[in-house]
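Below is the file coords01.txt, which contains compact mmCIF, C-alpha atoms.
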# COMPACT_ATOMS: atom_id res chain seq x y z
CA MET A 96 -23.23 -5.77 14.50
CA LYS A 97 -20.41 -8.26 14.83
CA THR A 98 -17.11 -7.39 16.48
CA ILE A 99 -13.74 -7.63 14.72
CA LYS A 100 -13.04 -10.78 16.74
CA GLU A 101 -16.26 -12.39 15.54
CA ILE A 102 -15.61 -11.40 11.92
CA THR A 103 -12.08 -12.79 12.14
CA ALA A 104 -13.43 -16.07 13.53
CA ARG A 105 -15.94 -16.26 10.68
CA ILE A 106 -13.19 -15.59 8.13
CA GLU A 107 -11.08 -18.42 9.57
CA GLU A 108 -14.11 -20.71 9.43
CA LEU A 109 -14.75 -19.85 5.79
CA LYS A 110 -11.05 -20.21 4.94
CA ALA A 111 -11.06 -23.72 6.42
CA GLU A 112 -14.13 -24.64 4.38
CA LYS A 113 -12.51 -23.21 1.25
CA THR A 114 -9.29 -25.15 1.86
CA THR A 115 -11.22 -28.39 2.37
CA ARG A 116 -13.19 -27.84 -0.82
CA GLU A 117 -10.11 -26.91 -2.87
CA ASN A 118 -8.17 -29.90 -1.56
CA LYS A 119 -11.04 -32.17 -2.57
CA TRP A 120 -11.09 -30.80 -6.10
CA ARG A 121 -7.31 -30.94 -6.39
CA LYS A 122 -7.34 -34.61 -5.34
CA GLU A 123 -10.09 -35.45 -7.81
CA ILE A 124 -8.15 -33.78 -10.63
CA SER A 125 -4.90 -35.46 -9.59
CA ASP A 126 -6.57 -38.87 -9.43
CA ALA A 127 -8.22 -38.36 -12.84
CA ARG A 128 -4.88 -37.38 -14.40
CA GLU A 129 -3.17 -40.42 -12.94
CA LYS A 130 -5.97 -42.61 -14.23
CA ALA A 131 -5.66 -41.06 -17.70
CA ALA A 132 -1.95 -41.82 -17.76
CA SER A 133 -2.59 -45.37 -16.60
CA ILE A 134 -5.26 -45.95 -19.25
CA ASP A 135 -3.01 -44.57 -22.02
CA GLU A 136 -0.25 -46.92 -20.92
CA LYS A 137 -2.58 -49.92 -20.91
CA LEU A 138 -3.96 -48.98 -24.34
CA GLN A 139 -0.48 -49.17 -25.81
CA THR A 140 0.02 -52.73 -24.58
CA ALA A 141 -3.54 -54.09 -24.89
CA GLU A 142 -3.93 -57.12 -27.17
CA ASP A 143 -7.46 -58.30 -26.45
CA PRO A 144 -10.15 -56.39 -28.45
CA ASP A 145 -12.69 -56.47 -25.63
CA GLU A 146 -10.13 -55.20 -23.18
CA TYR A 147 -9.14 -52.48 -25.65
CA LYS A 148 -12.76 -51.36 -26.09
CA LYS A 149 -13.24 -51.36 -22.32
CA LEU A 150 -10.17 -49.17 -21.91
CA LEU A 151 -11.46 -46.79 -24.61
CA ARG A 152 -14.75 -46.45 -22.75
CA GLU A 153 -12.88 -45.78 -19.52
CA LYS A 154 -10.66 -43.24 -21.28
CA THR A 155 -13.67 -41.40 -22.74
CA GLU A 156 -15.44 -41.35 -19.40
CA ASN A 157 -12.31 -40.26 -17.53
CA ASP A 158 -11.47 -37.56 -20.10
CA GLN A 159 -14.99 -36.18 -19.84
CA PHE A 160 -14.77 -36.27 -16.05
CA LEU A 161 -11.41 -34.48 -16.13
CA ASP A 162 -12.82 -31.81 -18.46
CA PHE A 163 -15.70 -31.38 -16.03
CA LEU A 164 -13.34 -31.03 -13.07
CA ASN A 165 -11.07 -28.51 -14.82
CA THR A 166 -14.02 -26.43 -16.02
CA LYS A 167 -15.99 -26.42 -12.79
CA ASN A 168 -12.88 -25.85 -10.68
CA LYS A 169 -12.48 -22.48 -12.40
CA GLN A 170 -16.14 -21.66 -11.80
CA LEU A 171 -16.39 -22.49 -8.11
CA PRO A 172 -18.39 -19.86 -6.21
CA PRO A 173 -16.59 -17.56 -3.75
CA ALA A 174 -16.06 -18.85 -0.23
CA ILE A 175 -18.37 -16.11 1.06
CA THR A 176 -21.65 -14.82 -0.35
CA ARG A 177 -21.86 -11.29 -1.69
CA ASP A 178 -24.37 -10.29 0.99
CA GLU A 179 -22.22 -11.60 3.85
CA TYR A 180 -19.12 -10.01 2.32
CA ASN A 181 -20.86 -6.64 1.97
CA VAL A 182 -22.04 -6.72 5.60
CA TYR A 183 -18.62 -7.55 7.04
CA HIS A 184 -16.77 -5.25 4.64
CA GLY A 185 -19.03 -2.36 5.60
CA GLN A 186 -18.51 -3.04 9.30
CA LEU A 187 -14.73 -3.19 8.87
CA LEU A 188 -14.71 0.11 6.97
CA ASP A 189 -16.79 1.67 9.74
CA GLU A 190 -14.32 0.39 12.34
CA LEU A 191 -11.38 1.75 10.31
CA GLU A 192 -13.08 5.12 9.93
CA GLU A 193 -13.68 5.28 13.68
CA LEU A 194 -10.05 4.37 14.39
CA GLN A 195 -8.82 7.05 11.99
CA GLU A 196 -11.06 9.64 13.63
CA GLU A 197 -9.54 8.68 16.98
CA TYR A 198 -5.89 8.73 15.90
CA ALA A 199 -5.80 11.58 13.37
CA PRO A 200 -5.87 14.30 16.07
CA LYS A 201 -3.15 12.49 18.05
CA VAL A 202 -0.92 12.24 14.99
CA GLU A 203 -1.60 15.83 13.98
CA LYS A 204 -0.81 17.10 17.47
CA ALA A 205 2.49 15.21 17.57
CA ALA A 206 3.33 16.37 14.03
CA ARG A 207 2.60 20.01 14.90
CA GLU A 208 5.01 19.77 17.84
CA LEU A 209 7.71 18.28 15.61
CA VAL A 210 7.12 20.92 12.93
CA LEU A 211 7.46 23.69 15.53
CA ILE A 212 10.80 22.25 16.65
CA LEU A 213 12.05 21.82 13.08
CA ASN A 214 10.89 25.30 12.10
CA GLU A 215 12.76 26.74 15.06
CA TYR A 216 15.88 24.80 14.09
CA SER A 217 15.54 25.74 10.43
CA GLU A 218 15.21 29.44 11.17
CA LYS A 219 18.30 29.45 13.39
CA ALA A 220 20.32 27.24 11.04
CA CYS A 221 19.42 29.29 7.97
CA GLY A 222 20.52 32.43 9.84
CA ILE A 223 23.91 30.86 10.39
CA GLU A 224 24.12 29.70 6.79
CA ASP A 225 23.17 33.13 5.46
CA THR A 226 25.98 34.61 7.52
CA ARG A 227 28.35 31.96 6.20
CA ALA A 228 27.32 32.92 2.66
CA LYS A 229 28.15 36.58 3.38
CA LEU A 230 31.52 35.53 4.77
CA SER A 231 32.18 33.50 1.65
CA ASP A 232 31.29 36.50 -0.49
CA LEU A 233 33.97 38.56 1.28
CA HIS A 234 36.64 35.94 0.79
CA LEU A 235 35.69 34.31 -2.53
CA ASN A 236 33.65 37.11 -4.10
CA HIS A 237 30.59 34.88 -4.17
CA GLY A 238 28.21 33.49 -1.61
CA ASN A 239 27.49 30.25 -3.41
CA ILE A 240 27.90 27.91 -0.48
CA VAL A 241 26.40 24.47 0.01
CA TYR A 242 23.82 24.88 2.73
CA LYS A 243 24.11 22.21 5.41
CA VAL A 244 20.79 22.79 7.16
CA ASN A 245 19.41 19.42 6.05
CA GLU A 246 22.41 17.61 7.51
CA LEU A 247 20.54 17.61 10.81
CA THR A 248 19.42 14.10 9.82
CA GLU A 249 23.02 12.90 10.10
CA LYS A 250 23.03 13.81 13.78
CA ILE A 251 19.92 11.73 14.51
CA THR A 252 20.50 8.19 15.72
CA ASP A 253 17.08 6.58 15.31
CA PRO A 254 18.06 2.99 14.34
CA MET A 255 14.75 2.49 12.53
CA TYR A 256 15.26 5.76 10.57
CA TYR A 257 11.70 7.01 11.12
CA THR A 258 12.95 10.31 12.52
CA GLN A 259 15.42 10.80 9.69
CA HIS A 260 12.66 10.26 7.13
CA PHE A 261 10.31 12.64 8.97
CA CYS A 262 13.02 15.31 8.88
CA ARG A 263 13.84 14.80 5.20
CA GLU A 264 10.16 15.12 4.33
CA PHE A 265 9.95 18.27 6.45
CA PHE A 266 12.92 19.93 4.70
CA ALA A 267 11.56 19.05 1.25
CA HIS A 268 8.09 20.32 2.07
CA ASN A 269 9.39 23.35 3.93
CA SER A 270 11.21 24.45 0.79
CA GLU A 271 7.93 24.34 -1.08
CA VAL A 272 6.13 26.30 1.65
CA LYS A 273 8.87 28.94 1.62
CA ARG A 274 8.61 29.21 -2.17
CA LEU A 275 4.89 29.86 -1.91
CA ALA A 276 5.43 32.32 0.94
CA ARG A 277 7.97 34.28 -1.16
CA ALA A 278 5.55 34.34 -4.06
CA LEU A 279 2.88 35.72 -1.76
CA THR A 280 5.06 38.44 -0.23
CA THR A 281 6.38 39.53 -3.64
CA GLY A 282 2.88 39.73 -5.07
CA ALA A 283 3.35 36.89 -7.54
CA THR A 284 0.32 35.69 -9.41
CA ARG A 285 -1.43 32.48 -8.51
CA SER A 286 0.38 30.69 -11.30
CA VAL A 287 2.72 29.51 -8.52
CA TRP A 288 0.09 26.87 -7.80
CA TYR A 289 0.85 23.57 -9.45
CA ASN A 290 -1.70 21.37 -7.68
CA PRO A 291 -4.63 21.61 -5.24
CA GLU A 292 -2.37 21.01 -2.23
CA GLN A 293 -0.15 23.95 -3.09
CA ALA A 294 -3.21 26.10 -3.71
CA ALA A 295 -4.50 25.23 -0.24
CA ILE A 296 -1.12 26.08 1.33
CA TYR A 297 -1.02 29.40 -0.54
CA LYS A 298 -4.52 30.20 0.69
CA GLU A 299 -3.56 29.36 4.28
CA LEU A 300 -0.42 31.53 4.05
CA GLU A 301 -2.57 34.33 2.70
CA ARG A 302 -4.99 33.93 5.59
CA ARG A 303 -2.18 34.01 8.15
CA MET A 304 -0.70 37.13 6.57
CA LYS A 305 -3.99 38.99 6.99
CA ARG A 306 -4.30 38.18 10.68

Could you write out this file's structure as C-alpha cells?
Amino acid sequence: MKTIKEITARIEELKAEKTTRENKWRKEISDAREKAASIDEKLQTAEDPDEYKKLLREKTENDQFLDFLNTKNKQLPPAITRDEYNVYHGQLLDELEELQEEYAPKVEKAARELVLILNEYSEKACGIEDTRAKLSDLHLNHGNIVYKVNELTEKITDPMYYTQHFCREFFAHNSEVKRLARALTTGATRSVWYNPEQAAIYKELERRMKR
C-alpha cells in the first residue's frame, strides 16, 4: 500500500506526462491551422496550374490531418488507467476514513464542552429575559420584549468569526431542541418531527426524560 507522499509523487509524474502530451497536441493543431491559413493565402494568388494543384493537394492533406488532430484530441485516454485510479482512490478514501475516526471524538469532545458553556449561559440569560418580560408587562401591559440572548455573539472578538458562527448555529439549533422538548413535556404527538434528525433528537430527549 502506497503512502500519501508516494501517491502525490505519482500524481505529479502523471500530470507532467499529461501536460507534455497536451502541449504536443496543441502545437500540432496550431501548426496545422497556420499551415491551412498559409495555403489558403497562396491559393488566392497562385497563377501556375501545377502550383495550384500542388497547393490543393497540400490543403486536402492538411485539412484531413487537422480533422484527425481535432477528433483524436477529444478522444485522448485519461492520464491514469482505471485500475491505477481505483487503487489510489481506494487508498485515499481509507486514509480519510481513518483520519475522520481519529478526529471525530476530538471535535465532539470540544463541541460538548462548548455546548455545556452555551447552555449554561442560555439558561441564565433566558432567566433574566423572562424577568425583563414580566417587568415590561407591569409597565406596558405586555411582555412582548425583544430577547437579546443571541447578542452574545456581539461580545465575541474572534477576528476570523469562527466562534460567532458556532454560537449562531447553537442558538438556532437550541431553539429547535427546546421546541421538541416542549412538545415532549406537553404530550404532543410525534407530528412535531419534520425530518430524521429531529426524530432522533426527540427520541434522545425522551430517553433522557426516562432516566

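Across the model, the gap from atom CA of A:Ser125 to atom CA of A:Ala111 is 20.8 Å.
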
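Comparing the minimum interatomic distances between A:Ala174 and each of A:Ala276, A:Cys221, A:Leu109, A:Val287, counting only C-alpha atoms, we find that A:Leu109 sits nearest.
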
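If all atoms listed in the file are the atoms counted, then among A:Asn157, A:Thr280, A:Thr258, A:Gln139 the closest residue to A:Leu213 is A:Thr258.
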
(request) Identify, on the basis of all atoms listed in the file, every residue whose closest approach to A:Lys137 does not exceed 10 Å; exclude the query and any residue fewer than 5 positions from it along the same chain; express the result as an NGL selection string. (result) :A and (131-132 or 142 or 146-147 or 150)

(message) I'd like the interatomic distance between atom CA of A:Glu108 and atom CA of A:Gln186, to a tenth of an Å.
(response)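 Distance reported for this atom pair: 18.2 Å.
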
(request) Fewer than 5 positions away in the same chain doesn't count, so skip those; otherwise give me all residues within 8 Å of stretch 245-255 of chain A, counting all atoms listed in the file, as JSON, numbers by chain. (result) {"A": [262, 263, 266]}

(request) One decimal, Å: what's the distance from atom CA of A:Gly222 over to atom CA of A:Val244, could you say? (result)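 Interatomic distance, atom CA of A:Gly222 to atom CA of A:Val244: 10.0 Å.
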
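With only C-alpha atoms as the atoms that count, the residue of A:Trp288, A:Tyr198, A:Tyr256, A:Trp120 with the shortest distance to A:Gln170 is A:Trp120.
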
Contacts of A:Glu224 within 10 Å, only C-alpha atoms, excl. fewer than 5 positions in-chain, as a compact mmCIF listing (two decimals) with C-alpha atoms, keeping the file's coordinate frame:
# COMPACT_ATOMS: atom_id res chain seq x y z
CA GLU A 218 15.21 29.44 11.17
CA LYS A 219 18.30 29.45 13.39
CA LYS A 229 28.15 36.58 3.38
CA LEU A 230 31.52 35.53 4.77
CA ILE A 240 27.90 27.91 -0.48
CA VAL A 241 26.40 24.47 0.01
CA TYR A 242 23.82 24.88 2.73
CA LYS A 243 24.11 22.21 5.41
CA VAL A 244 20.79 22.79 7.16

Polymer residues at most 9 Å from (-19.9, -11.4, 8.8) by only C-alpha atoms, as a PDB file with C-alpha atoms, in the frame of the given file:
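Result saved to selection19.pdb:
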ATOM      1  CA  MET A  96     -23.230  -5.770  14.500  1.00  0.00           C
ATOM      2  CA  LYS A  97     -20.410  -8.260  14.830  1.00  0.00           C
ATOM      3  CA  GLU A 101     -16.260 -12.390  15.540  1.00  0.00           C
ATOM      4  CA  ILE A 102     -15.610 -11.400  11.920  1.00  0.00           C
ATOM      5  CA  THR A 103     -12.080 -12.790  12.140  1.00  0.00           C
ATOM      6  CA  ARG A 105     -15.940 -16.260  10.680  1.00  0.00           C
ATOM      7  CA  ILE A 106     -13.190 -15.590   8.130  1.00  0.00           C
ATOM      8  CA  GLU A 179     -22.220 -11.600   3.850  1.00  0.00           C
ATOM      9  CA  TYR A 180     -19.120 -10.010   2.320  1.00  0.00           C
ATOM     10  CA  ASN A 181     -20.860  -6.640   1.970  1.00  0.00           C
ATOM     11  CA  VAL A 182     -22.040  -6.720   5.600  1.00  0.00           C
ATOM     12  CA  TYR A 183     -18.620  -7.550   7.040  1.00  0.00           C
ATOM     13  CA  HIS A 184     -16.770  -5.250   4.640  1.00  0.00           C
ATOM     14  CA  GLN A 186     -18.510  -3.040   9.300  1.00  0.00           C
TER      15      GLN A 186
END

Edge lengths and centre, in Å to one decimal, as AutoDock Vina command-line options: that's what I need for the box along x, y and z that holds all listed atoms of stretch 117-130 of chain A plus 6 Å on each side.
--center_x -7.1 --center_y -34.8 --center_z -8.0 --size_x 19.9 --size_y 27.7 --size_z 24.8

(message) Measuring between only C-alpha atoms, which one of A:Glu208, A:Thr140, A:Thr114, A:Ala127 shows the shortest distance to A:Asp158?
(response)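 Between A:Glu208, A:Thr140, A:Thr114, A:Ala127, the residue approaching A:Asp158 most closely is A:Ala127.
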
(request) Could you tell me which of A:Gln195, A:Tyr289, A:Tyr297, A:Phe160 comes closest to A:Arg128 if we count only C-alpha atoms? (result)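 Closest to A:Arg128 of all the choices is A:Phe160.
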
(message) Just checking: using all atoms listed in the file, which residue out of A:Asn214, A:Asn239, A:Thr281, A:Asn168 ends up closest to A:Lys119?
(response) A:Asn168

(message) List as a PyMOL selection string the residues having at least one atom at most 10 Å from position (1.3, 25.7, -2.3) as given in the file, counting only C-alpha atoms.
(response) chain A and resi 268+271-276+278+285+287-300

(message) When you look at A:Lys122 with a cut-off of 12 Å (counting all atoms listed in the file), what residues show up, excluding the ones that are within fewer than 6 positions of it in the same chain? I need them as a list in words.
(response) Thr115, Arg116, Arg128, Glu129, Leu161, Leu164, Asn165 and Asn168 of chain A
